[in-house]
$ cat run-v6.cif   # mmCIF, C-alpha atoms and all ligand atoms
data_data
#
loop_
_atom_site.label_atom_id
_atom_site.label_comp_id
_atom_site.auth_asym_id
_atom_site.auth_seq_id
_atom_site.Cartn_x
_atom_site.Cartn_y
_atom_site.Cartn_z
CA MET W 297 -9.30 0.55 13.94
CA GLU W 298 -6.01 -0.98 15.09
CA THR W 299 -2.90 1.00 14.18
CA ILE W 300 0.86 0.53 13.95
CA LYS W 301 3.44 3.12 14.91
CA LEU W 302 5.92 4.23 12.26
CA SER W 303 9.56 4.96 13.17
CA ASN W 304 8.78 8.69 13.57
CA GLY W 305 5.88 7.98 15.95
CA VAL W 306 3.09 8.54 13.41
CA GLU W 307 0.18 6.09 13.89
CA MET W 308 -1.01 4.35 10.73
CA PRO W 309 -4.20 2.25 10.43
CA LEU W 310 -3.50 -1.48 9.92
CA LEU W 311 -6.17 -1.77 7.25
CA GLY W 312 -7.00 0.61 4.43
CA TYR W 313 -8.67 0.96 1.08
CA GLY W 314 -6.76 0.95 -2.25
CA VAL W 315 -7.93 2.54 -5.50
CA PHE W 316 -5.66 0.99 -8.16
CA LYS W 317 -7.67 0.50 -11.38
CA VAL W 318 -10.66 2.39 -9.95
CA ALA W 319 -11.75 4.55 -12.88
CA PRO W 320 -11.40 8.32 -12.27
CA GLN W 321 -15.16 8.83 -12.76
CA GLU W 322 -15.97 6.11 -10.18
CA CYS W 323 -13.29 6.94 -7.65
CA GLU W 324 -15.15 9.65 -5.71
CA ARG W 325 -18.15 7.35 -5.15
CA CYS W 326 -15.90 4.44 -4.10
CA VAL W 327 -13.85 6.48 -1.62
CA SER W 328 -17.04 8.05 -0.19
CA ASP W 329 -18.46 4.54 0.31
CA ALA W 330 -15.20 3.37 1.86
CA LEU W 331 -15.17 6.30 4.33
CA ASN W 332 -18.84 5.71 5.15
CA VAL W 333 -18.28 2.04 5.97
CA GLY W 334 -15.35 2.93 8.22
CA TYR W 335 -12.06 2.93 6.27
CA ARG W 336 -9.66 5.59 7.51
CA LEU W 337 -6.67 4.89 5.26
CA ILE W 338 -6.91 5.59 1.52
CA ASP W 339 -4.11 4.48 -0.84
CA THR W 340 -3.81 6.16 -4.25
CA ALA W 341 -0.93 7.12 -6.58
CA GLN W 342 -0.08 9.71 -9.20
CA ALA W 343 -0.05 6.86 -11.73
CA TYR W 344 -3.66 5.84 -10.93
CA PHE W 345 -5.02 9.10 -12.41
CA ASN W 346 -7.69 9.21 -9.72
CA GLU W 347 -6.17 11.49 -7.03
CA GLU W 348 -8.84 14.10 -7.85
CA GLY W 349 -11.64 11.61 -7.11
CA VAL W 350 -9.98 10.77 -3.79
CA GLY W 351 -9.64 14.49 -3.00
CA ASN W 352 -13.29 15.18 -3.86
CA ALA W 353 -14.51 12.34 -1.62
CA ILE W 354 -12.34 13.41 1.31
CA SER W 355 -13.20 17.09 1.03
CA LYS W 356 -16.95 16.33 0.89
CA SER W 357 -16.87 13.74 3.68
CA SER W 358 -18.07 14.43 7.22
CA VAL W 359 -15.02 12.50 8.47
CA PRO W 360 -12.50 15.11 9.66
CA ARG W 361 -9.33 15.27 7.53
CA GLN W 362 -7.15 14.54 10.57
CA ASP W 363 -8.94 11.19 11.05
CA ILE W 364 -8.01 10.08 7.52
CA PHE W 365 -4.60 8.64 6.63
CA LEU W 366 -3.93 9.55 3.02
CA VAL W 367 -1.26 7.76 0.97
CA THR W 368 0.00 8.62 -2.51
CA LYS W 369 3.07 7.75 -4.59
CA VAL W 370 5.54 9.59 -6.83
CA TRP W 371 5.53 8.00 -10.29
CA ILE W 372 8.61 7.25 -12.42
CA SER W 373 7.91 10.11 -14.82
CA ASN W 374 8.24 12.48 -11.83
CA ALA W 375 11.54 11.04 -10.58
CA GLY W 376 14.33 13.48 -9.67
CA GLU W 377 14.47 16.32 -7.14
CA GLU W 378 12.79 19.11 -9.14
CA LYS W 379 10.15 17.01 -10.84
CA ALA W 380 9.28 15.11 -7.68
CA ALA W 381 8.94 18.39 -5.73
CA ALA W 382 6.58 19.80 -8.37
CA SER W 383 4.62 16.53 -8.43
CA ILE W 384 4.12 16.62 -4.65
CA ASP W 385 2.51 20.07 -4.97
CA GLU W 386 0.40 18.79 -7.85
CA SER W 387 -0.75 15.79 -5.77
CA LEU W 388 -1.64 18.12 -2.87
CA ARG W 389 -3.70 20.23 -5.27
CA LYS W 390 -5.51 17.21 -6.74
CA LEU W 391 -6.07 15.67 -3.31
CA LYS W 392 -7.44 19.02 -2.04
CA THR W 393 -5.37 18.91 1.10
CA ASP W 394 -2.35 20.67 2.56
CA TYR W 395 -0.63 17.49 3.74
CA ILE W 396 -0.18 13.87 2.72
CA ASP W 397 0.07 11.32 5.54
CA LEU W 398 2.42 8.95 3.71
CA LEU W 399 4.26 9.58 0.44
CA LEU W 400 6.01 6.69 -1.32
CA ILE W 401 8.37 6.33 -4.27
CA HIS W 402 6.22 4.04 -6.45
CA GLN W 403 8.94 2.11 -8.27
CA ALA W 404 12.71 1.78 -7.79
CA TYR W 405 13.64 3.28 -11.17
CA GLY W 406 14.95 6.65 -12.32
CA ASP W 407 16.59 9.20 -10.03
CA VAL W 408 15.14 7.84 -6.79
CA PHE W 409 17.75 9.63 -4.65
CA GLY W 410 16.69 12.96 -6.20
CA SER W 411 13.04 12.11 -5.53
CA TRP W 412 13.93 11.23 -1.95
CA ARG W 413 15.63 14.59 -1.35
CA ALA W 414 12.43 16.30 -2.52
CA MET W 415 10.41 14.05 -0.22
CA GLU W 416 12.69 14.75 2.74
CA LYS W 417 12.24 18.48 2.10
CA ALA W 418 8.45 18.09 1.90
CA TYR W 419 8.57 16.05 5.13
CA ARG W 420 10.58 18.72 6.93
CA ALA W 421 8.25 21.41 5.58
CA GLY W 422 5.19 19.59 7.01
CA LYS W 423 3.66 18.79 3.62
CA VAL W 424 4.10 15.07 4.33
CA ARG W 425 3.86 13.25 7.69
CA ALA W 426 5.81 10.12 6.68
CA ILE W 427 7.88 8.95 3.70
CA GLY W 428 8.65 5.55 2.26
CA VAL W 429 9.12 3.42 -0.83
CA SER W 430 7.26 0.78 -2.80
CA ASN W 431 8.43 -2.25 -4.76
CA PHE W 432 11.99 -1.97 -3.42
CA GLN W 433 13.11 -5.57 -3.16
CA ALA W 434 15.59 -6.67 -0.50
CA GLY W 435 18.95 -5.73 -2.09
CA ARG W 436 17.64 -2.51 -3.63
CA PHE W 437 15.99 -1.54 -0.36
CA PHE W 438 19.15 -2.20 1.65
CA ASP W 439 21.31 -0.07 -0.66
CA PHE W 440 18.78 2.77 -0.74
CA ALA W 441 18.18 2.80 3.01
CA HIS W 442 21.93 2.76 3.65
CA TYR W 443 22.57 5.98 1.69
CA VAL W 444 19.57 8.16 2.55
CA ASP W 445 19.34 10.54 5.50
CA ILE W 446 15.77 9.78 6.65
CA LYS W 447 15.20 6.01 6.45
CA PRO W 448 12.05 4.84 4.61
CA MET W 449 9.28 4.38 7.15
CA VAL W 450 7.28 2.02 4.91
CA ASN W 451 7.96 -0.35 1.99
CA GLN W 452 4.77 -1.21 0.09
CA LEU W 453 5.15 -4.63 -1.52
CA GLN W 454 2.96 -7.28 -3.12
CA CYS W 455 2.06 -9.51 -0.17
CA ASN W 456 -0.64 -12.11 0.47
CA PRO W 457 -0.75 -15.77 1.58
CA LEU W 458 0.69 -16.91 -1.79
CA VAL W 459 3.37 -14.14 -1.89
CA GLN W 460 4.55 -13.83 1.69
CA GLN W 461 7.67 -11.59 1.54
CA GLN W 462 9.27 -13.45 4.44
CA GLY W 463 12.80 -12.92 3.06
CA ILE W 464 12.71 -9.13 3.30
CA GLU W 465 11.20 -9.02 6.81
CA PRO W 466 14.51 -8.98 8.77
CA ILE W 467 15.94 -6.29 6.45
CA LEU W 468 12.90 -4.07 6.99
CA ALA W 469 13.02 -4.72 10.74
CA GLU W 470 16.72 -3.70 10.79
CA HIS W 471 15.69 -0.28 9.42
CA ASP W 472 12.49 0.00 11.50
CA THR W 473 10.51 0.04 8.22
CA LYS W 474 6.93 -1.24 8.21
CA MET W 475 5.57 -3.42 5.41
CA MET W 476 2.38 -2.47 3.61
CA ALA W 477 0.74 -5.12 1.41
CA TRP W 478 -0.53 -4.38 -2.08
CA GLY W 479 -2.56 -7.10 -3.80
CA PRO W 480 -3.53 -8.51 -0.38
CA LEU W 481 -6.34 -10.52 -2.02
CA GLY W 482 -4.23 -11.54 -5.01
CA GLY W 483 -5.28 -8.65 -7.26
CA GLU W 484 -7.88 -8.24 -9.98
CA GLY W 485 -8.88 -11.46 -11.72
CA ALA W 486 -6.59 -13.65 -9.60
CA GLU W 487 -8.74 -15.89 -7.46
CA GLY W 488 -5.95 -17.97 -5.88
CA VAL W 489 -6.37 -16.19 -2.55
CA VAL W 490 -10.12 -15.50 -2.36
CA LYS W 491 -10.96 -19.08 -3.47
CA ASN W 492 -8.18 -20.79 -1.55
CA GLU W 493 -9.49 -23.95 0.16
CA LEU W 494 -7.25 -23.80 3.21
CA LEU W 495 -8.15 -20.15 3.87
CA ALA W 496 -11.85 -20.93 3.33
CA SER W 497 -11.77 -23.92 5.69
CA ILE W 498 -9.99 -21.93 8.41
CA GLY W 499 -12.50 -19.11 7.90
CA LYS W 500 -15.47 -21.46 8.37
CA GLY W 501 -14.52 -21.91 12.01
CA TYR W 502 -14.90 -18.16 12.58
CA GLY W 503 -17.79 -17.45 10.17
CA LYS W 504 -15.33 -15.62 7.87
CA THR W 505 -14.45 -15.82 4.17
CA ALA W 506 -11.08 -16.77 2.67
CA ALA W 507 -10.56 -13.06 1.85
CA GLN W 508 -11.10 -12.09 5.49
CA VAL W 509 -8.68 -14.80 6.67
CA ALA W 510 -6.04 -13.51 4.21
CA LEU W 511 -6.43 -9.94 5.51
CA ARG W 512 -6.43 -11.08 9.13
CA TRP W 513 -3.28 -13.14 8.51
CA LEU W 514 -1.49 -10.08 7.10
CA THR W 515 -2.53 -7.72 9.87
CA GLN W 516 -1.65 -10.30 12.54
CA ARG W 517 1.87 -10.25 11.03
CA GLY W 518 1.86 -6.46 11.60
CA ILE W 519 1.54 -5.79 7.86
CA VAL W 520 -0.81 -3.01 6.71
CA ALA W 521 -3.30 -4.33 4.11
CA ILE W 522 -5.10 -2.14 1.55
CA PRO W 523 -7.71 -4.28 -0.27
CA LYS W 524 -9.58 -2.72 -3.19
CA SER W 525 -13.22 -3.30 -4.07
CA THR W 526 -15.74 -1.20 -5.94
CA HIS W 527 -18.55 -3.05 -4.11
CA VAL W 528 -19.79 -1.75 -0.75
CA GLU W 529 -20.61 -5.22 0.57
CA ARG W 530 -17.05 -6.38 -0.10
CA MET W 531 -15.65 -3.15 1.39
CA ARG W 532 -17.59 -4.02 4.57
CA GLN W 533 -16.51 -7.64 4.50
CA ASN W 534 -12.84 -6.72 4.06
CA LEU W 535 -12.99 -4.34 7.01
CA ASP W 536 -14.65 -6.86 9.32
CA ILE W 537 -11.51 -8.71 10.43
CA PHE W 538 -10.81 -7.38 13.89
CA ASP W 539 -13.21 -9.59 15.87
CA PHE W 540 -11.29 -12.85 15.55
CA THR W 541 -7.70 -14.03 16.00
CA LEU W 542 -6.00 -16.78 14.01
CA ALA W 543 -4.34 -19.38 16.22
CA ASP W 544 -0.55 -19.86 15.95
CA GLU W 545 -1.11 -23.24 14.35
CA GLU W 546 -3.40 -21.63 11.70
CA MET W 547 -0.82 -18.92 11.01
CA LYS W 548 1.74 -21.72 10.47
CA ARG W 549 -0.54 -23.64 8.12
CA ILE W 550 -1.14 -20.48 6.06
CA ALA W 551 2.64 -19.96 5.91
CA THR W 552 2.85 -23.22 3.92
CA LEU W 553 0.90 -21.56 1.06
CA ASN W 554 3.89 -19.34 0.14
CA CYS W 555 4.76 -19.97 -3.52
CA HIS W 556 6.43 -16.72 -4.75
CA ASP W 557 8.11 -15.16 -1.72
CA THR W 558 9.30 -12.00 -3.52
CA GLY W 559 6.23 -11.52 -5.71
CA THR W 560 4.93 -12.34 -9.16
CA VAL W 561 6.45 -9.27 -10.86
CA ASN W 562 10.10 -9.68 -11.89
CA PHE W 563 11.39 -6.16 -11.18
CA GLY W 564 14.87 -7.17 -12.38
CA ASP W 565 13.69 -8.33 -15.83
CA PRO W 566 15.43 -6.04 -18.36
CA GLN W 567 12.40 -6.19 -20.67
CA PHE W 568 10.14 -4.97 -17.85
CA VAL W 569 12.60 -2.20 -16.93
CA LYS W 570 13.00 -1.22 -20.60
CA PHE W 571 9.21 -1.01 -20.98
CA LEU W 572 8.86 1.23 -17.89
CA ILE W 573 11.73 3.53 -18.89
CA GLU W 574 10.59 3.83 -22.51
CA THR W 575 6.98 4.45 -21.47
CA TYR W 576 7.44 6.72 -18.44
CA GLY W 577 11.09 7.70 -18.06
N1 LIG N 1 2.57 -0.09 -5.02
C1 LIG N 1 2.17 -0.76 -6.07
O1 LIG N 1 2.91 -0.96 -7.05
C2 LIG N 1 0.77 -1.31 -6.09
C3 LIG N 1 0.41 -2.26 -7.04
C4 LIG N 1 -0.89 -2.75 -7.03
C5 LIG N 1 -1.79 -2.30 -6.06
N2 LIG N 1 -1.42 -1.35 -5.15
C6 LIG N 1 -2.37 -0.85 -4.12
O2 LIG N 1 -2.89 -1.97 -3.40
C7 LIG N 1 -4.32 -1.95 -3.50
C8 LIG N 1 -4.86 -3.36 -3.48
O3 LIG N 1 -4.28 -4.15 -4.51
P1 LIG N 1 -5.09 -4.61 -5.81
O4 LIG N 1 -6.17 -3.62 -6.07
O5 LIG N 1 -4.13 -4.88 -6.88
O6 LIG N 1 -5.67 -6.00 -5.43
P2 LIG N 1 -6.52 -6.69 -4.23
O7 LIG N 1 -7.04 -5.69 -3.28
O8 LIG N 1 -5.67 -7.80 -3.74
O9 LIG N 1 -7.70 -7.36 -5.04
C9 LIG N 1 -8.68 -6.61 -5.65
C10 LIG N 1 -9.58 -7.57 -6.42
O10 LIG N 1 -10.25 -8.44 -5.50
C11 LIG N 1 -11.67 -8.29 -5.63
N3 LIG N 1 -12.20 -8.36 -4.26
C12 LIG N 1 -12.19 -7.40 -3.32
N4 LIG N 1 -12.72 -7.84 -2.16
C13 LIG N 1 -13.09 -9.12 -2.38
C14 LIG N 1 -13.71 -10.10 -1.56
N5 LIG N 1 -14.02 -9.87 -0.29
N6 LIG N 1 -13.96 -11.32 -2.12
C15 LIG N 1 -13.65 -11.58 -3.41
N7 LIG N 1 -13.04 -10.69 -4.23
C16 LIG N 1 -12.78 -9.46 -3.72
C17 LIG N 1 -11.88 -6.95 -6.29
O11 LIG N 1 -13.03 -6.97 -7.11
P3 LIG N 1 -14.21 -5.84 -7.01
O12 LIG N 1 -13.57 -4.50 -7.07
O13 LIG N 1 -15.05 -6.16 -8.21
O14 LIG N 1 -14.92 -6.12 -5.72
C18 LIG N 1 -10.63 -6.83 -7.20
O15 LIG N 1 -10.81 -7.52 -8.42
C19 LIG N 1 -4.56 -1.20 -4.82
O16 LIG N 1 -5.90 -0.78 -4.98
C20 LIG N 1 -3.55 -0.10 -4.71
O17 LIG N 1 -4.00 0.92 -3.83
C21 LIG N 1 -0.14 -0.86 -5.16
#

$ encode --input "run-v6.cif" --output "structure tokens"
Amino acid sequence: METIKLSNGVEMPLLGYGVFKVAPQECERCVSDALNVGYRLIDTAQAYFNEEGVGNAISKSSVPRQDIFLVTKVWISNAGEEKAAASIDESLRKLKTDYIDLLLIHQAYGDVFGSWRAMEKAYRAGKVRAIGVSNFQAGRFFDFAHYVDIKPMVNQLQCNPLVQQQGIEPILAEHDTKMMAWGPLGGEGAEGVVKNELLASIGKGYGKTAAQVALRWLTQRGIVAIPKSTHVERMRQNLDIFDFTLADEEMKRIATLNCHDTGTVNFGDPQFVKFLIETYG
């Protein structure tokens, strides 16, 4: 598995397995399958309600814990120094481990500076190997990174050939922050990526699917991709992207597919913010 190096020297796999919307009762089986087919990065979140399934799979697996890169995220309802600190211990308990490889703030709402102080403490205490954020768009990210002591090592954003996040790239590079792509295949029910004709036609030349071309395109940009599938065959397919290289001209043609550079979720929409605060704040 190819890796990238985070700003603190920690090596992170370039491809992982995500468990958003994987039902708690199915999660252990899915993560066990993912580990068996070769995934070594697992991405979960407090808000997915399946950390226990992830923990069960990892603790029962023959893959040594130190070979697995485990990611989870602090949810809005746990924002603030005290609540975030307690939630980190709760995540460790559910994940059945004494350290998390990468801990992210899930959304840029609530007392994120308080959460970050708790995360910095957990990092210094060795409970967490790396810390970062998710869904922090360019301006929000810049402000946050400017005022915190330890700079976010990762920003997890929606990113795929239709949502390319090119605008934020220089800002992340300025802070030595790596991008991690959620929704790398377009997400559940959205077939714009996996049925894209250009991606499929490029893939034909390599004996690969449109999904594999999308994942290869991300990882060739140095972006960590975390596709989700509950099907073992698709887990295998999504992992099988390291035996071909897209030509520069193909990378450029895929760049023309960009249609929502900053993503399909409007994080600045007051109705969206109101909903999140009223539901989880
Ligand atoms: N930070 C955040 O706010 C945030 C938000 C969303 C997601 N995430 C993370 O990112 C991960 C991935 O994002 P996502 O789950 O939204 O979407 P995704 O990985 O882009 O797409 C998953 C969908 O694609 C299907 N699929 C998987 N492999 C396929 C293939 N080779 N060909 C055709 N279809 C395929 C899956 O169906 P089957 O399962 O039926 O195969 C599922 O419906 C999540 O699981 C989560 O860990 C983070």

$ closest_residue --input "run-v6.cif" --among "W:Ile300, W:Cys455, W:Ile537, W:Ala330" --to "Cys555 (chain W)" --atoms "all atoms listed in the file"
W:Cys455

$ residues_around --input "run-v6.cif" --residues "region 377-388 of chain W" --least-positions-apart "2" --cutoff "8 Å" --atoms "only C-alpha atoms" --output "list of chain:residue names"
W:Gln342, W:Glu347, W:Thr368, W:Val370, W:Asn374, W:Ala375, W:Lys390, W:Leu391, W:Lys392, W:Thr393, W:Asp394, W:Tyr395, W:Ile396, W:Asp407, W:Phe409, W:Gly410, W:Ser411, W:Trp412, W:Arg413, W:Ala414, W:Met415, W:Ala418

$ closest_residue --input "run-v6.cif" --among "W:Gln462, W:Thr515, W:Ser430, W:Gln508" --to "Leu535 (chain W)" --atoms "all atoms listed in the file"
W:Gln508

$ residues_around --input "run-v6.cif" --residues "Asp472 (chain W)" --least-positions-apart "6" --cutoff "8 Å" --atoms "only C-alpha atoms" --output "list in words"
Leu302, Ser303 and Met449 of chain W

$ write_last_selection --input "run-v6.cif" --atoms "C-alpha atoms" --output "short mmCIF file (atom, residue, chain, number, x, y, z; two decimals), in the coordinates of the input"
data_model
loop_
_atom_site.label_atom_id
_atom_site.label_comp_id
_atom_site.auth_asym_id
_atom_site.auth_seq_id
_atom_site.Cartn_x
_atom_site.Cartn_y
_atom_site.Cartn_z
CA LEU W 302 5.92 4.23 12.26
CA SER W 303 9.56 4.96 13.17
CA MET W 449 9.28 4.38 7.15
#

$ residues_near_ligand --input "run-v6.cif" --ligand "ligand LIG 1 (chain N)" --cutoff "7 Å" --atoms "all atoms listed in the file" --output "MDAnalysis selection string"
chainID W and resid 313:317 339:340 402:403 430:431 452:454 477:485 490 507:508 522:527 530:531 533:534

$ atom_distance --input "run-v6.cif" --atom1 "CA of Lys500 (chain W)" --atom2 "CA of Thr558 (chain W)"
29.1 Å

$ build_atoms --input "run-v6.cif" --residues "region 390-415 of chain W" --atoms "N, CA and C atoms" --output "JSON list (two decimals), in the coordinates of the input"
[["chain", "number", "residue", "atom", "x", "y", "z"],
["W", 390, "LYS", "N", -4.48, 18.16, -6.31],
["W", 390, "LYS", "CA", -5.51, 17.21, -6.74],
["W", 390, "LYS", "C", -6.23, 16.57, -5.55],
["W", 391, "LEU", "N", -5.48, 16.32, -4.49],
["W", 391, "LEU", "CA", -6.07, 15.67, -3.31],
["W", 391, "LEU", "C", -6.81, 16.67, -2.42],
["W", 392, "LYS", "N", -6.74, 17.94, -2.78],
["W", 392, "LYS", "CA", -7.44, 19.02, -2.04],
["W", 392, "LYS", "C", -7.09, 19.01, -0.55],
["W", 393, "THR", "N", -5.80, 18.95, -0.29],
["W", 393, "THR", "CA", -5.37, 18.91, 1.10],
["W", 393, "THR", "C", -4.05, 19.65, 1.21],
["W", 394, "ASP", "N", -3.65, 20.02, 2.44],
["W", 394, "ASP", "CA", -2.35, 20.67, 2.56],
["W", 394, "ASP", "C", -1.30, 19.74, 3.16],
["W", 395, "TYR", "N", -1.67, 18.47, 3.35],
["W", 395, "TYR", "CA", -0.63, 17.49, 3.74],
["W", 395, "TYR", "C", -1.04, 16.09, 3.30],
["W", 396, "ILE", "N", 0.00, 15.29, 3.05],
["W", 396, "ILE", "CA", -0.18, 13.87, 2.72],
["W", 396, "ILE", "C", 0.34, 13.10, 3.92],
["W", 397, "ASP", "N", -0.38, 12.06, 4.34],
["W", 397, "ASP", "CA", 0.07, 11.32, 5.54],
["W", 397, "ASP", "C", 1.29, 10.45, 5.25],
["W", 398, "LEU", "N", 1.28, 9.81, 4.07],
["W", 398, "LEU", "CA", 2.42, 8.95, 3.71],
["W", 398, "LEU", "C", 2.66, 9.08, 2.21],
["W", 399, "LEU", "N", 3.89, 9.44, 1.85],
["W", 399, "LEU", "CA", 4.26, 9.58, 0.44],
["W", 399, "LEU", "C", 5.32, 8.54, 0.12],
["W", 400, "LEU", "N", 5.09, 7.78, -0.95],
["W", 400, "LEU", "CA", 6.01, 6.69, -1.32],
["W", 400, "LEU", "C", 6.62, 6.93, -2.69],
["W", 401, "ILE", "N", 7.84, 6.44, -2.90],
["W", 401, "ILE", "CA", 8.37, 6.33, -4.27],
["W", 401, "ILE", "C", 7.73, 5.05, -4.83],
["W", 402, "HIS", "N", 7.04, 5.16, -5.96],
["W", 402, "HIS", "CA", 6.22, 4.04, -6.45],
["W", 402, "HIS", "C", 7.04, 2.86, -6.94],
["W", 403, "GLN", "N", 8.12, 3.17, -7.69],
["W", 403, "GLN", "CA", 8.94, 2.11, -8.27],
["W", 403, "GLN", "C", 10.41, 2.51, -8.15],
["W", 404, "ALA", "N", 11.28, 1.52, -8.03],
["W", 404, "ALA", "CA", 12.71, 1.78, -7.79],
["W", 404, "ALA", "C", 13.49, 2.08, -9.07],
["W", 405, "TYR", "N", 12.94, 2.93, -9.92],
["W", 405, "TYR", "CA", 13.64, 3.28, -11.17],
["W", 405, "TYR", "C", 13.75, 4.79, -11.31],
["W", 406, "GLY", "N", 14.73, 5.21, -12.13],
["W", 406, "GLY", "CA", 14.95, 6.65, -12.32],
["W", 406, "GLY", "C", 15.75, 7.21, -11.15],
["W", 407, "ASP", "N", 15.77, 8.54, -11.04],
["W", 407, "ASP", "CA", 16.59, 9.20, -10.03],
["W", 407, "ASP", "C", 15.85, 9.17, -8.68],
["W", 408, "VAL", "N", 15.88, 7.99, -8.05],
["W", 408, "VAL", "CA", 15.14, 7.84, -6.79],
["W", 408, "VAL", "C", 15.78, 8.64, -5.65],
["W", 409, "PHE", "N", 17.11, 8.83, -5.72],
["W", 409, "PHE", "CA", 17.75, 9.63, -4.65],
["W", 409, "PHE", "C", 17.33, 11.10, -4.76],
["W", 410, "GLY", "N", 17.19, 11.59, -6.00],
["W", 410, "GLY", "CA", 16.69, 12.96, -6.20],
["W", 410, "GLY", "C", 15.27, 13.08, -5.67],
["W", 411, "SER", "N", 14.42, 12.10, -6.01],
["W", 411, "SER", "CA", 13.04, 12.11, -5.53],
["W", 411, "SER", "C", 13.02, 12.14, -3.99],
["W", 412, "TRP", "N", 13.91, 11.33, -3.41],
["W", 412, "TRP", "CA", 13.93, 11.23, -1.95],
["W", 412, "TRP", "C", 14.31, 12.57, -1.30],
["W", 413, "ARG", "N", 15.26, 13.27, -1.91],
["W", 413, "ARG", "CA", 15.63, 14.59, -1.35],
["W", 413, "ARG", "C", 14.41, 15.52, -1.36],
["W", 414, "ALA", "N", 13.65, 15.47, -2.46],
["W", 414, "ALA", "CA", 12.43, 16.30, -2.52],
["W", 414, "ALA", "C", 11.44, 15.86, -1.45],
["W", 415, "MET", "N", 11.35, 14.56, -1.23],
["W", 415, "MET", "CA", 10.41, 14.05, -0.22],
["W", 415, "MET", "C", 10.86, 14.40, 1.19]]
